[in-house]
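Trainee: One structure follows; several queries about it will come next.
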Amino acid sequence: MTGDLKIVLEFSAGAELLFDNIKKREITLPSTEKWTIRNLLKWMKENILRERPELFIQGDTVRPGILVLINDTDWELLGELDYELQQKDNILFISTLHGG
Amino acid sequence: MPILCKSNCGNKAVLKRPKTADALCKECFFAAFEAEIHHTITSSKLFRHGEKVAVAASGGKDSTVLAHVLKLLNERHNYGLELVLLSIDEGITGYRDDSLETVKKNRDDYEMSLKILSYEELYGWTMDRIVAQIGRSNNCTFCGVFRRQALDRGAKLLGVDSIATGHNADDIAETVIMNILRGDTARLSRCTDIKTGGSEDSIPRVKPLKYTYEKEIVMYAHYKKLVYFSTECVFAPNAYRGHARAFLKDLEKVRPSVIMDIIHSGEQLRFKDTVKKPTRGICERCGFVSSQQPCKACVLLEGLNRGLPKLGIGKKSKGDRMIANQEKEMALRDKANLVKNDF
């Protein structure tokens, strides 16, 4: 482990409404464990998810209909929950659930 | 180790297509996305050269992508279409007023003319005022019925040959499920049609994004940096569609083709002749397409104007009773006034 992990979280198309309406934030994760999307989601739920958690998280993953992009690439190509976070990663959550 | 684009272009793949599970790079994804919509438009003969087409624009992701792609394909493949934007202002503060700003941006970006028609000017009522009357239970009925007709009115005003709407594959699959669950065979039989209307008195509606997955629409908008509006309507949690949607999303996890499969099932359904089908006619009051006399929009409007907002909700017989009671009361009141004035 080489120090704390700094990553950027972004939310768009309505997903930000569940996170204090903040569209972009930098977070620092302690180096006590190996960070994957799986435990990042858990961390988010415990620390920054403010409203109606069921609209964002279902079980141990995101609610179907929320797209996840890791450094602008579809997380489905990167192992989804098992993707191991790297320094300066950018994780974007886009809701597809809102209006049309 | 980055995954490479399936088309062997040498670029890094950025997304997995829900329809095919192919990993594609940005450029190949754009090309496939646009080519498939072009294929849908040509194979279903949605437009004819020289036609004027209104894009029903809400400012949301679907209509924004639709306007963008139609403009692009129109130029690329020389469809010869005149494209215009048509928006409906329901009069919902904090929702539609903001989304219309997005539509105005679409107008400038895509150099299309824009017509905005409001419920206020068409019906004399905004949704804000309707909700103040009816509360939050049946408000979506008003909004849906009025919008449907408002688009027809707008299309007539603009003199267009058809209206293109942004319904995507996920929307249509949800609608099939909802219509099955409601036993609404009339809607079930036409909800998968890519083109509806178009008889002598109605303007056809087409759905060029019928086979386009929602995920791809959102990814396309994201990678193309298209600006769209994405706030939920302040009045509409739309619970029923939400359930259908959640159900389909869960099914999709185990069977990725489920969206296309349900649309296919909907398309192949055949109904017995004994199933009552609505006959499309013209409302004798307002002159717009309807299968009832008078049309639903006119009944709802009459209810609002009479101070009986529930008039058009539920069975017609119940509505007739409400009108009869009100008329009786008014007659009694008139009589009472008459008596009073005699002295």
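In the structure tokens, the first chain shown is A, the next is B, and so on; residue numbers restart at 1 for each chain, and ligands run from 1 in the order shown.
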Which residues in region 109-233 of chain B does DSSP call alpha helix (DSSP H)? List them as a compact mmCIF listing (two decimals) with all heavy atoms, in the first residue's frame.
Mentor:
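Full text of states_29.txt as output:
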```
# COMPACT_ATOMS: atom_id res chain seq x y z
N ASP B 109 -28.31 25.07 -31.58
CA ASP B 109 -27.26 24.12 -31.98
C ASP B 109 -27.57 23.48 -33.33
O ASP B 109 -26.68 23.25 -34.14
CB ASP B 109 -27.10 23.01 -30.93
CG ASP B 109 -26.50 23.53 -29.64
OD1 ASP B 109 -26.03 24.69 -29.63
OD2 ASP B 109 -26.52 22.79 -28.63
N TYR B 110 -28.82 23.10 -33.54
CA TYR B 110 -29.17 22.32 -34.74
C TYR B 110 -29.78 23.19 -35.84
O TYR B 110 -30.20 22.69 -36.87
CB TYR B 110 -30.13 21.18 -34.38
CG TYR B 110 -29.63 20.31 -33.25
CD1 TYR B 110 -30.48 19.77 -32.31
CD2 TYR B 110 -28.26 20.01 -33.15
CE1 TYR B 110 -30.00 18.98 -31.26
CE2 TYR B 110 -27.78 19.24 -32.11
CZ TYR B 110 -28.65 18.73 -31.17
OH TYR B 110 -28.18 17.95 -30.15
N TYR B 119 -50.18 24.66 -22.76
CA TYR B 119 -51.51 24.25 -22.30
C TYR B 119 -52.35 25.49 -22.01
O TYR B 119 -53.54 25.53 -22.23
CB TYR B 119 -51.41 23.42 -21.01
CG TYR B 119 -50.98 21.99 -21.20
CD1 TYR B 119 -50.56 21.51 -22.43
CD2 TYR B 119 -51.03 21.09 -20.13
CE1 TYR B 119 -50.17 20.20 -22.58
CE2 TYR B 119 -50.64 19.77 -20.27
CZ TYR B 119 -50.20 19.32 -21.50
OH TYR B 119 -49.83 18.02 -21.63
N GLU B 120 -51.65 26.50 -21.47
CA GLU B 120 -52.32 27.75 -21.13
C GLU B 120 -53.04 28.32 -22.36
O GLU B 120 -54.23 28.62 -22.31
CB GLU B 120 -51.26 28.74 -20.63
CG GLU B 120 -51.79 30.14 -20.41
CD GLU B 120 -52.08 30.42 -18.95
OE1 GLU B 120 -51.11 30.55 -18.19
OE2 GLU B 120 -53.27 30.48 -18.59
N GLU B 121 -52.33 28.43 -23.49
CA GLU B 121 -52.98 29.02 -24.67
C GLU B 121 -53.97 28.06 -25.34
O GLU B 121 -54.97 28.49 -25.89
CB GLU B 121 -51.94 29.53 -25.69
CG GLU B 121 -51.03 28.47 -26.24
CD GLU B 121 -49.88 29.03 -27.09
OE1 GLU B 121 -50.16 29.47 -28.21
OE2 GLU B 121 -48.72 28.98 -26.65
N LEU B 122 -53.70 26.74 -25.26
CA LEU B 122 -54.61 25.78 -25.91
C LEU B 122 -55.85 25.52 -25.08
O LEU B 122 -56.95 25.38 -25.61
CB LEU B 122 -53.89 24.45 -26.14
CG LEU B 122 -52.76 24.42 -27.18
CD1 LEU B 122 -52.14 23.03 -27.22
CD2 LEU B 122 -53.30 24.79 -28.55
N TYR B 123 -55.67 25.39 -23.76
CA TYR B 123 -56.78 24.92 -22.93
C TYR B 123 -57.21 25.94 -21.87
O TYR B 123 -58.22 25.75 -21.20
CB TYR B 123 -56.40 23.61 -22.23
CG TYR B 123 -55.95 22.54 -23.19
CD1 TYR B 123 -54.62 22.15 -23.26
CD2 TYR B 123 -56.86 21.93 -24.06
CE1 TYR B 123 -54.20 21.18 -24.16
CE2 TYR B 123 -56.46 20.96 -24.95
CZ TYR B 123 -55.11 20.58 -25.00
OH TYR B 123 -54.71 19.63 -25.89
N MET B 127 -50.64 23.13 -15.99
CA MET B 127 -50.63 21.96 -15.10
C MET B 127 -50.54 22.39 -13.64
O MET B 127 -51.12 21.74 -12.77
CB MET B 127 -49.47 21.01 -15.45
CG MET B 127 -49.78 19.99 -16.54
SD MET B 127 -51.35 19.12 -16.37
CE MET B 127 -51.04 18.08 -14.95
N ASP B 128 -49.83 23.46 -13.36
CA ASP B 128 -49.77 23.94 -11.98
C ASP B 128 -51.19 24.20 -11.44
O ASP B 128 -51.52 23.79 -10.33
CB ASP B 128 -48.96 25.25 -11.89
CG ASP B 128 -47.45 25.01 -12.01
OD1 ASP B 128 -47.03 23.84 -11.84
OD2 ASP B 128 -46.72 25.97 -12.27
N ARG B 129 -52.02 24.84 -12.26
CA ARG B 129 -53.38 25.15 -11.81
C ARG B 129 -54.25 23.89 -11.77
O ARG B 129 -55.12 23.75 -10.91
CB ARG B 129 -54.01 26.21 -12.73
CG ARG B 129 -53.56 27.63 -12.38
CD ARG B 129 -54.25 28.65 -13.26
NE ARG B 129 -55.69 28.60 -13.18
CZ ARG B 129 -56.51 28.73 -14.23
NH1 ARG B 129 -56.02 28.93 -15.44
NH2 ARG B 129 -57.80 28.66 -14.07
N ILE B 130 -54.02 22.98 -12.74
CA ILE B 130 -54.79 21.73 -12.74
C ILE B 130 -54.50 20.94 -11.46
O ILE B 130 -55.40 20.42 -10.81
CB ILE B 130 -54.49 20.90 -14.01
CG1 ILE B 130 -55.03 21.63 -15.25
CG2 ILE B 130 -55.10 19.50 -13.90
CD1 ILE B 130 -54.68 20.98 -16.57
N VAL B 131 -53.21 20.86 -11.10
CA VAL B 131 -52.84 20.12 -9.90
C VAL B 131 -53.45 20.77 -8.66
O VAL B 131 -53.89 20.07 -7.74
CB VAL B 131 -51.30 19.99 -9.79
CG1 VAL B 131 -50.90 19.43 -8.44
CG2 VAL B 131 -50.78 19.10 -10.90
N ALA B 132 -53.52 22.10 -8.67
CA ALA B 132 -54.14 22.78 -7.54
C ALA B 132 -55.61 22.37 -7.40
O ALA B 132 -56.15 22.32 -6.30
CB ALA B 132 -54.03 24.30 -7.71
N GLN B 133 -56.27 22.06 -8.53
CA GLN B 133 -57.67 21.62 -8.52
C GLN B 133 -57.83 20.15 -8.15
O GLN B 133 -58.66 19.78 -7.37
CB GLN B 133 -58.27 21.79 -9.93
CG GLN B 133 -58.62 23.20 -10.30
CD GLN B 133 -59.90 23.64 -9.66
OE1 GLN B 133 -60.88 22.89 -9.63
NE2 GLN B 133 -59.91 24.83 -9.11
N ILE B 134 -57.02 19.30 -8.80
CA ILE B 134 -57.27 17.86 -8.76
C ILE B 134 -56.39 17.15 -7.75
O ILE B 134 -56.67 16.01 -7.36
CB ILE B 134 -57.10 17.24 -10.17
CG1 ILE B 134 -57.48 15.76 -10.21
CG2 ILE B 134 -55.67 17.36 -10.69
CD1 ILE B 134 -58.60 15.49 -11.13
N ASN B 139 -53.40 13.69 -11.87
CA ASN B 139 -52.86 14.78 -12.69
C ASN B 139 -52.18 14.29 -13.95
O ASN B 139 -52.23 14.95 -14.99
CB ASN B 139 -51.92 15.64 -11.83
CG ASN B 139 -50.88 14.82 -11.12
OD1 ASN B 139 -51.11 13.65 -10.82
ND2 ASN B 139 -49.75 15.39 -10.85
N CYS B 140 -51.54 13.11 -13.90
CA CYS B 140 -50.81 12.62 -15.08
C CYS B 140 -51.78 12.28 -16.22
O CYS B 140 -51.40 12.32 -17.39
CB CYS B 140 -49.96 11.41 -14.73
SG CYS B 140 -48.66 11.82 -13.55
N THR B 141 -53.03 11.93 -15.88
CA THR B 141 -54.03 11.67 -16.91
C THR B 141 -54.26 12.94 -17.73
O THR B 141 -54.24 12.92 -18.97
CB THR B 141 -55.37 11.23 -16.28
OG1 THR B 141 -55.12 10.13 -15.43
CG2 THR B 141 -56.39 10.88 -17.34
N PHE B 142 -54.45 14.05 -17.03
CA PHE B 142 -54.65 15.32 -17.72
C PHE B 142 -53.46 15.64 -18.61
O PHE B 142 -53.61 15.98 -19.78
CB PHE B 142 -54.83 16.46 -16.69
CG PHE B 142 -56.18 16.49 -16.06
CD1 PHE B 142 -56.47 15.72 -14.95
CD2 PHE B 142 -57.16 17.30 -16.60
CE1 PHE B 142 -57.72 15.75 -14.37
CE2 PHE B 142 -58.42 17.34 -16.02
CZ PHE B 142 -58.70 16.56 -14.91
N CYS B 143 -52.30 15.52 -18.00
CA CYS B 143 -51.10 15.92 -18.71
C CYS B 143 -50.89 15.07 -19.96
O CYS B 143 -50.59 15.59 -21.04
CB CYS B 143 -49.90 15.79 -17.77
SG CYS B 143 -48.50 16.75 -18.30
N GLY B 144 -51.09 13.76 -19.83
CA GLY B 144 -50.88 12.84 -20.96
C GLY B 144 -51.87 13.09 -22.08
O GLY B 144 -51.51 13.18 -23.26
N VAL B 145 -53.16 13.21 -21.71
CA VAL B 145 -54.20 13.42 -22.72
C VAL B 145 -54.02 14.76 -23.43
O VAL B 145 -54.09 14.85 -24.66
CB VAL B 145 -55.60 13.34 -22.06
CG1 VAL B 145 -56.69 13.77 -23.03
CG2 VAL B 145 -55.89 11.92 -21.56
N PHE B 146 -53.75 15.78 -22.64
CA PHE B 146 -53.57 17.11 -23.23
C PHE B 146 -52.33 17.16 -24.12
O PHE B 146 -52.34 17.78 -25.18
CB PHE B 146 -53.47 18.19 -22.14
CG PHE B 146 -54.80 18.54 -21.52
CD1 PHE B 146 -54.87 19.31 -20.36
CD2 PHE B 146 -55.99 18.12 -22.10
CE1 PHE B 146 -56.10 19.64 -19.79
CE2 PHE B 146 -57.22 18.44 -21.53
CZ PHE B 146 -57.27 19.20 -20.38
N ARG B 147 -51.25 16.51 -23.69
CA ARG B 147 -50.02 16.58 -24.49
C ARG B 147 -50.20 15.90 -25.84
O ARG B 147 -49.76 16.37 -26.87
CB ARG B 147 -48.82 15.98 -23.76
CG ARG B 147 -47.52 16.14 -24.58
CD ARG B 147 -46.28 15.82 -23.81
NE ARG B 147 -46.48 14.69 -22.95
CZ ARG B 147 -46.56 14.73 -21.64
NH1 ARG B 147 -46.41 15.88 -21.03
NH2 ARG B 147 -46.79 13.65 -20.94
N ARG B 148 -50.87 14.75 -25.79
CA ARG B 148 -51.09 14.00 -27.01
C ARG B 148 -51.81 14.88 -28.04
O ARG B 148 -51.40 14.96 -29.19
CB ARG B 148 -51.94 12.76 -26.68
CG ARG B 148 -51.77 11.70 -27.67
CD ARG B 148 -52.47 10.42 -27.44
NE ARG B 148 -52.52 9.81 -28.76
CZ ARG B 148 -51.48 9.29 -29.36
NH1 ARG B 148 -50.31 9.25 -28.77
NH2 ARG B 148 -51.58 8.80 -30.58
N GLN B 149 -52.85 15.54 -27.57
CA GLN B 149 -53.59 16.37 -28.50
C GLN B 149 -52.81 17.64 -28.87
O GLN B 149 -52.88 18.11 -30.00
CB GLN B 149 -54.95 16.76 -27.91
CG GLN B 149 -55.87 17.31 -28.96
CD GLN B 149 -57.09 17.95 -28.36
OE1 GLN B 149 -57.03 18.96 -27.68
NE2 GLN B 149 -58.23 17.34 -28.64
N ALA B 150 -52.07 18.16 -27.89
CA ALA B 150 -51.31 19.38 -28.14
C ALA B 150 -50.30 19.16 -29.27
O ALA B 150 -50.09 20.04 -30.11
CB ALA B 150 -50.60 19.83 -26.86
N LEU B 151 -49.69 17.97 -29.30
CA LEU B 151 -48.74 17.67 -30.38
C LEU B 151 -49.46 17.66 -31.73
O LEU B 151 -48.95 18.17 -32.73
CB LEU B 151 -48.04 16.33 -30.14
CG LEU B 151 -46.90 16.33 -29.12
CD1 LEU B 151 -46.40 14.91 -28.88
CD2 LEU B 151 -45.73 17.20 -29.58
N ASP B 152 -50.66 17.07 -31.75
CA ASP B 152 -51.45 17.06 -32.99
C ASP B 152 -51.78 18.48 -33.44
O ASP B 152 -51.68 18.82 -34.61
CB ASP B 152 -52.77 16.29 -32.79
CG ASP B 152 -52.57 14.78 -32.92
OD1 ASP B 152 -51.61 14.38 -33.62
OD2 ASP B 152 -53.36 14.03 -32.32
N ARG B 153 -52.18 19.30 -32.46
CA ARG B 153 -52.53 20.68 -32.79
C ARG B 153 -51.31 21.43 -33.32
O ARG B 153 -51.40 22.18 -34.30
CB ARG B 153 -53.05 21.42 -31.56
CG ARG B 153 -54.45 20.98 -31.15
CD ARG B 153 -54.81 21.64 -29.83
NE ARG B 153 -56.14 21.29 -29.40
CZ ARG B 153 -57.13 22.17 -29.27
NH1 ARG B 153 -56.93 23.43 -29.56
NH2 ARG B 153 -58.32 21.77 -28.86
N GLY B 154 -50.17 21.22 -32.65
CA GLY B 154 -48.94 21.88 -33.07
C GLY B 154 -48.54 21.45 -34.47
O GLY B 154 -48.12 22.27 -35.30
N ALA B 155 -48.68 20.16 -34.74
CA ALA B 155 -48.29 19.62 -36.04
C ALA B 155 -49.15 20.21 -37.14
O ALA B 155 -48.68 20.53 -38.24
CB ALA B 155 -48.40 18.10 -36.02
N LYS B 156 -50.44 20.37 -36.84
CA LYS B 156 -51.37 20.94 -37.81
C LYS B 156 -51.01 22.40 -38.09
O LYS B 156 -50.98 22.84 -39.23
CB LYS B 156 -52.79 20.85 -37.24
CG LYS B 156 -53.87 20.85 -38.30
CD LYS B 156 -55.19 20.42 -37.70
CE LYS B 156 -56.31 20.56 -38.70
NZ LYS B 156 -57.61 20.22 -38.09
N LEU B 157 -50.71 23.09 -37.00
CA LEU B 157 -50.33 24.49 -37.09
C LEU B 157 -49.08 24.68 -37.95
O LEU B 157 -48.98 25.62 -38.74
CB LEU B 157 -50.04 24.99 -35.68
CG LEU B 157 -50.35 26.42 -35.33
CD1 LEU B 157 -51.85 26.65 -35.34
CD2 LEU B 157 -49.80 26.73 -33.93
N LEU B 158 -48.13 23.77 -37.78
CA LEU B 158 -46.86 23.88 -38.51
C LEU B 158 -46.96 23.30 -39.92
O LEU B 158 -46.06 23.47 -40.73
CB LEU B 158 -45.75 23.14 -37.75
CG LEU B 158 -45.33 23.71 -36.40
CD1 LEU B 158 -44.43 22.73 -35.66
CD2 LEU B 158 -44.59 25.03 -36.59
N ALA B 169 -36.30 1.79 -27.32
CA ALA B 169 -36.65 0.37 -27.19
C ALA B 169 -37.11 0.04 -25.77
O ALA B 169 -38.09 -0.68 -25.57
CB ALA B 169 -35.46 -0.50 -27.59
N ASP B 170 -36.40 0.58 -24.78
CA ASP B 170 -36.78 0.30 -23.39
C ASP B 170 -38.18 0.82 -23.09
O ASP B 170 -38.98 0.15 -22.44
CB ASP B 170 -35.78 0.95 -22.41
CG ASP B 170 -34.36 0.40 -22.56
OD1 ASP B 170 -33.82 0.49 -23.68
OD2 ASP B 170 -33.81 -0.10 -21.57
N ASP B 171 -38.48 2.05 -23.57
CA ASP B 171 -39.82 2.63 -23.36
C ASP B 171 -40.89 1.71 -23.93
O ASP B 171 -41.94 1.48 -23.31
CB ASP B 171 -39.98 3.96 -24.13
CG ASP B 171 -39.11 5.07 -23.58
OD1 ASP B 171 -38.79 5.02 -22.39
OD2 ASP B 171 -38.76 5.98 -24.36
N ILE B 172 -40.64 1.23 -25.15
CA ILE B 172 -41.66 0.44 -25.84
C ILE B 172 -41.87 -0.90 -25.13
O ILE B 172 -43.00 -1.33 -24.91
CB ILE B 172 -41.32 0.29 -27.33
CG1 ILE B 172 -41.41 1.68 -27.99
CG2 ILE B 172 -42.26 -0.70 -28.03
CD1 ILE B 172 -40.83 1.77 -29.36
N ALA B 173 -40.76 -1.53 -24.71
CA ALA B 173 -40.88 -2.79 -23.97
C ALA B 173 -41.66 -2.58 -22.67
O ALA B 173 -42.53 -3.38 -22.32
CB ALA B 173 -39.49 -3.36 -23.68
N GLU B 174 -41.40 -1.47 -21.98
CA GLU B 174 -42.15 -1.16 -20.75
C GLU B 174 -43.64 -1.00 -21.06
O GLU B 174 -44.49 -1.50 -20.32
CB GLU B 174 -41.67 0.17 -20.14
CG GLU B 174 -40.33 0.10 -19.45
CD GLU B 174 -39.70 1.48 -19.28
OE1 GLU B 174 -40.42 2.50 -19.37
OE2 GLU B 174 -38.47 1.55 -19.06
N THR B 175 -43.92 -0.32 -22.16
CA THR B 175 -45.32 -0.07 -22.51
C THR B 175 -46.05 -1.37 -22.83
O THR B 175 -47.20 -1.55 -22.47
CB THR B 175 -45.40 0.91 -23.69
OG1 THR B 175 -44.64 2.07 -23.36
CG2 THR B 175 -46.83 1.34 -23.97
N VAL B 176 -45.35 -2.30 -23.52
CA VAL B 176 -45.96 -3.60 -23.81
C VAL B 176 -46.35 -4.28 -22.50
O VAL B 176 -47.49 -4.73 -22.32
CB VAL B 176 -44.99 -4.51 -24.61
CG1 VAL B 176 -45.54 -5.93 -24.73
CG2 VAL B 176 -44.73 -3.93 -26.00
N ILE B 177 -45.41 -4.33 -21.55
CA ILE B 177 -45.67 -4.97 -20.26
C ILE B 177 -46.84 -4.29 -19.55
O ILE B 177 -47.75 -4.95 -19.04
CB ILE B 177 -44.42 -4.85 -19.34
CG1 ILE B 177 -43.24 -5.59 -19.95
CG2 ILE B 177 -44.71 -5.35 -17.93
CD1 ILE B 177 -43.28 -7.06 -19.74
N MET B 178 -46.83 -2.95 -19.54
CA MET B 178 -47.90 -2.22 -18.85
C MET B 178 -49.26 -2.51 -19.47
O MET B 178 -50.24 -2.70 -18.76
CB MET B 178 -47.62 -0.71 -18.90
CG MET B 178 -46.51 -0.29 -17.96
SD MET B 178 -45.87 1.34 -18.38
CE MET B 178 -47.25 2.37 -17.91
N ASN B 179 -49.30 -2.54 -20.80
CA ASN B 179 -50.58 -2.79 -21.47
C ASN B 179 -51.06 -4.22 -21.23
O ASN B 179 -52.26 -4.46 -21.09
CB ASN B 179 -50.48 -2.50 -22.96
CG ASN B 179 -50.46 -1.00 -23.23
OD1 ASN B 179 -51.00 -0.22 -22.47
ND2 ASN B 179 -49.81 -0.61 -24.32
N ILE B 180 -50.14 -5.18 -21.15
CA ILE B 180 -50.53 -6.55 -20.83
C ILE B 180 -51.11 -6.59 -19.42
O ILE B 180 -52.18 -7.15 -19.18
CB ILE B 180 -49.33 -7.52 -20.96
CG1 ILE B 180 -48.97 -7.71 -22.43
CG2 ILE B 180 -49.65 -8.87 -20.30
CD1 ILE B 180 -47.73 -8.53 -22.67
N LEU B 181 -50.41 -5.97 -18.48
CA LEU B 181 -50.85 -6.01 -17.09
C LEU B 181 -52.20 -5.31 -16.89
O LEU B 181 -52.96 -5.65 -16.00
CB LEU B 181 -49.79 -5.39 -16.18
CG LEU B 181 -48.46 -6.14 -16.12
CD1 LEU B 181 -47.47 -5.42 -15.22
CD2 LEU B 181 -48.65 -7.57 -15.64
N ARG B 182 -52.48 -4.32 -17.76
CA ARG B 182 -53.75 -3.60 -17.63
C ARG B 182 -54.85 -4.23 -18.46
O ARG B 182 -55.99 -3.77 -18.39
CB ARG B 182 -53.58 -2.17 -18.13
CG ARG B 182 -52.84 -1.27 -17.21
CD ARG B 182 -52.65 0.04 -17.93
NE ARG B 182 -52.11 1.06 -17.06
CZ ARG B 182 -51.34 2.04 -17.48
NH1 ARG B 182 -51.04 2.13 -18.77
NH2 ARG B 182 -50.87 2.93 -16.66
N THR B 185 -55.95 -4.11 -24.50
CA THR B 185 -55.61 -4.74 -25.78
C THR B 185 -55.55 -3.74 -26.93
O THR B 185 -54.78 -3.91 -27.86
CB THR B 185 -56.61 -5.86 -26.14
OG1 THR B 185 -57.92 -5.35 -25.90
CG2 THR B 185 -56.37 -7.08 -25.30
N ALA B 186 -56.36 -2.68 -26.83
CA ALA B 186 -56.34 -1.69 -27.91
C ALA B 186 -54.97 -1.04 -28.00
O ALA B 186 -54.37 -0.94 -29.08
CB ALA B 186 -57.42 -0.64 -27.67
N ARG B 187 -54.47 -0.62 -26.85
CA ARG B 187 -53.14 0.01 -26.87
C ARG B 187 -52.05 -1.02 -27.15
O ARG B 187 -51.08 -0.72 -27.83
CB ARG B 187 -52.86 0.70 -25.53
CG ARG B 187 -53.63 1.98 -25.38
CD ARG B 187 -52.91 2.94 -24.45
NE ARG B 187 -53.60 4.22 -24.41
CZ ARG B 187 -54.66 4.47 -23.66
NH1 ARG B 187 -55.16 3.52 -22.90
NH2 ARG B 187 -55.24 5.65 -23.69
N LEU B 188 -52.24 -2.22 -26.60
CA LEU B 188 -51.25 -3.28 -26.80
C LEU B 188 -51.04 -3.55 -28.29
O LEU B 188 -49.93 -3.75 -28.76
CB LEU B 188 -51.71 -4.55 -26.07
CG LEU B 188 -50.78 -5.76 -26.09
CD1 LEU B 188 -49.40 -5.41 -25.56
CD2 LEU B 188 -51.39 -6.89 -25.26
N SER B 189 -52.16 -3.50 -29.04
CA SER B 189 -52.07 -3.85 -30.45
C SER B 189 -51.36 -2.78 -31.27
O SER B 189 -50.88 -3.05 -32.35
CB SER B 189 -53.46 -4.11 -31.03
OG SER B 189 -54.21 -2.92 -31.01
N ARG B 190 -51.28 -1.55 -30.75
CA ARG B 190 -50.60 -0.55 -31.57
C ARG B 190 -49.34 0.04 -30.94
O ARG B 190 -48.63 0.81 -31.58
CB ARG B 190 -51.56 0.57 -31.98
CG ARG B 190 -52.12 1.38 -30.84
CD ARG B 190 -53.05 2.47 -31.37
NE ARG B 190 -54.21 2.52 -30.58
CZ ARG B 190 -54.54 3.33 -29.56
NH1 ARG B 190 -53.94 4.11 -29.27
NH2 ARG B 190 -55.57 3.32 -28.83
N GLU B 214 -31.87 2.39 -24.47
CA GLU B 214 -31.69 3.58 -23.65
C GLU B 214 -30.22 3.79 -23.26
O GLU B 214 -29.70 4.90 -23.29
CB GLU B 214 -32.53 3.42 -22.39
CG GLU B 214 -32.55 4.63 -21.53
CD GLU B 214 -33.73 4.58 -20.60
OE1 GLU B 214 -33.72 3.72 -19.69
OE2 GLU B 214 -34.67 5.35 -20.79
N LYS B 215 -29.55 2.70 -22.88
CA LYS B 215 -28.15 2.83 -22.49
C LYS B 215 -27.33 3.48 -23.61
O LYS B 215 -26.50 4.34 -23.37
CB LYS B 215 -27.56 1.45 -22.15
CG LYS B 215 -26.05 1.52 -21.86
CD LYS B 215 -25.43 0.16 -21.59
CE LYS B 215 -23.90 0.29 -21.53
NZ LYS B 215 -23.22 -0.99 -21.28
N GLU B 216 -27.60 3.07 -24.85
CA GLU B 216 -26.82 3.61 -25.97
C GLU B 216 -27.17 5.08 -26.23
O GLU B 216 -26.31 5.86 -26.61
CB GLU B 216 -27.06 2.76 -27.23
CG GLU B 216 -26.59 1.35 -27.02
CD GLU B 216 -26.24 0.63 -28.30
OE1 GLU B 216 -26.51 1.15 -29.39
OE2 GLU B 216 -25.69 -0.49 -28.18
N ILE B 217 -28.44 5.44 -26.00
CA ILE B 217 -28.83 6.84 -26.17
C ILE B 217 -28.08 7.71 -25.16
O ILE B 217 -27.53 8.76 -25.50
CB ILE B 217 -30.36 6.98 -26.01
CG1 ILE B 217 -31.05 6.33 -27.22
CG2 ILE B 217 -30.77 8.44 -25.85
CD1 ILE B 217 -32.55 6.23 -27.12
N VAL B 218 -28.02 7.23 -23.91
CA VAL B 218 -27.33 8.00 -22.87
C VAL B 218 -25.83 8.06 -23.15
O VAL B 218 -25.20 9.11 -23.01
CB VAL B 218 -27.62 7.37 -21.48
CG1 VAL B 218 -26.79 8.05 -20.40
CG2 VAL B 218 -29.10 7.49 -21.14
N MET B 219 -25.25 6.93 -23.59
CA MET B 219 -23.82 6.90 -23.89
C MET B 219 -23.49 7.79 -25.09
O MET B 219 -22.48 8.48 -25.11
CB MET B 219 -23.35 5.47 -24.17
CG MET B 219 -23.37 4.57 -22.96
SD MET B 219 -22.24 5.12 -21.67
CE MET B 219 -21.20 3.71 -21.48
N TYR B 220 -24.37 7.76 -26.08
CA TYR B 220 -24.17 8.59 -27.28
C TYR B 220 -24.20 10.07 -26.88
O TYR B 220 -23.31 10.83 -27.25
CB TYR B 220 -25.28 8.28 -28.29
CG TYR B 220 -25.11 8.97 -29.63
CD1 TYR B 220 -24.35 8.39 -30.64
CD2 TYR B 220 -25.73 10.19 -29.90
CE1 TYR B 220 -24.20 9.01 -31.88
CE2 TYR B 220 -25.59 10.82 -31.12
CZ TYR B 220 -24.83 10.22 -32.12
OH TYR B 220 -24.69 10.84 -33.33
N ALA B 221 -25.20 10.43 -26.08
CA ALA B 221 -25.31 11.83 -25.63
C ALA B 221 -24.08 12.21 -24.81
O ALA B 221 -23.54 13.30 -24.94
CB ALA B 221 -26.58 12.02 -24.81
N HIS B 222 -23.62 11.28 -24.00
CA HIS B 222 -22.45 11.56 -23.15
C HIS B 222 -21.19 11.78 -24.01
O HIS B 222 -20.50 12.78 -23.86
CB HIS B 222 -22.23 10.42 -22.16
CG HIS B 222 -20.94 10.53 -21.39
ND1 HIS B 222 -20.76 11.49 -20.41
CD2 HIS B 222 -19.77 9.85 -21.48
CE1 HIS B 222 -19.53 11.37 -19.92
NE2 HIS B 222 -18.91 10.40 -20.56
N TYR B 223 -20.91 10.84 -24.89
CA TYR B 223 -19.68 10.94 -25.68
C TYR B 223 -19.74 12.07 -26.70
O TYR B 223 -18.72 12.64 -27.08
CB TYR B 223 -19.36 9.61 -26.38
CG TYR B 223 -18.88 8.54 -25.42
CD1 TYR B 223 -19.43 7.26 -25.44
CD2 TYR B 223 -17.87 8.81 -24.49
CE1 TYR B 223 -18.99 6.27 -24.57
CE2 TYR B 223 -17.44 7.82 -23.61
CZ TYR B 223 -17.99 6.57 -23.65
OH TYR B 223 -17.56 5.60 -22.77
```
Trainee: What are the residues of chain B lining chain A at 8 Å or less? Count only C-alpha atoms, and put the answer as an MDAnalysis selection string.
Mentor: chainID B and resid 3 13:16 23 58:63 166 214:215 218 229:233 246 249:250
Trainee: In region 76-271 of chain B, what's strand (DSSP E) per DSSP? Answer as a ChimeraX atom specification?
Mentor: /B:82-89,113-118,162-164,195-196,205-206
Trainee: For region 47-57 of chain A, find every residue with an atom within 7 Å (counting only C-alpha atoms), except residues of its own chain fewer than 5 positions away, and show them as a PyMOL selection string.
Mentor: chain A and resi 18-20+62-63
Trainee: Taking C-alpha atoms for each residue, export the selection above as a tab-separated table (two decimals), in the first residue's frame.
Mentor:
```
chain	number	residue	atom	x	y	z
A	18	LEU	CA	-29.01	11.75	-4.26
A	19	PHE	CA	-25.58	13.12	-3.32
A	20	ASP	CA	-26.25	16.62	-2.00
A	62	VAL	CA	-25.88	0.02	-8.44
A	63	ARG	CA	-29.54	0.05	-9.27
```
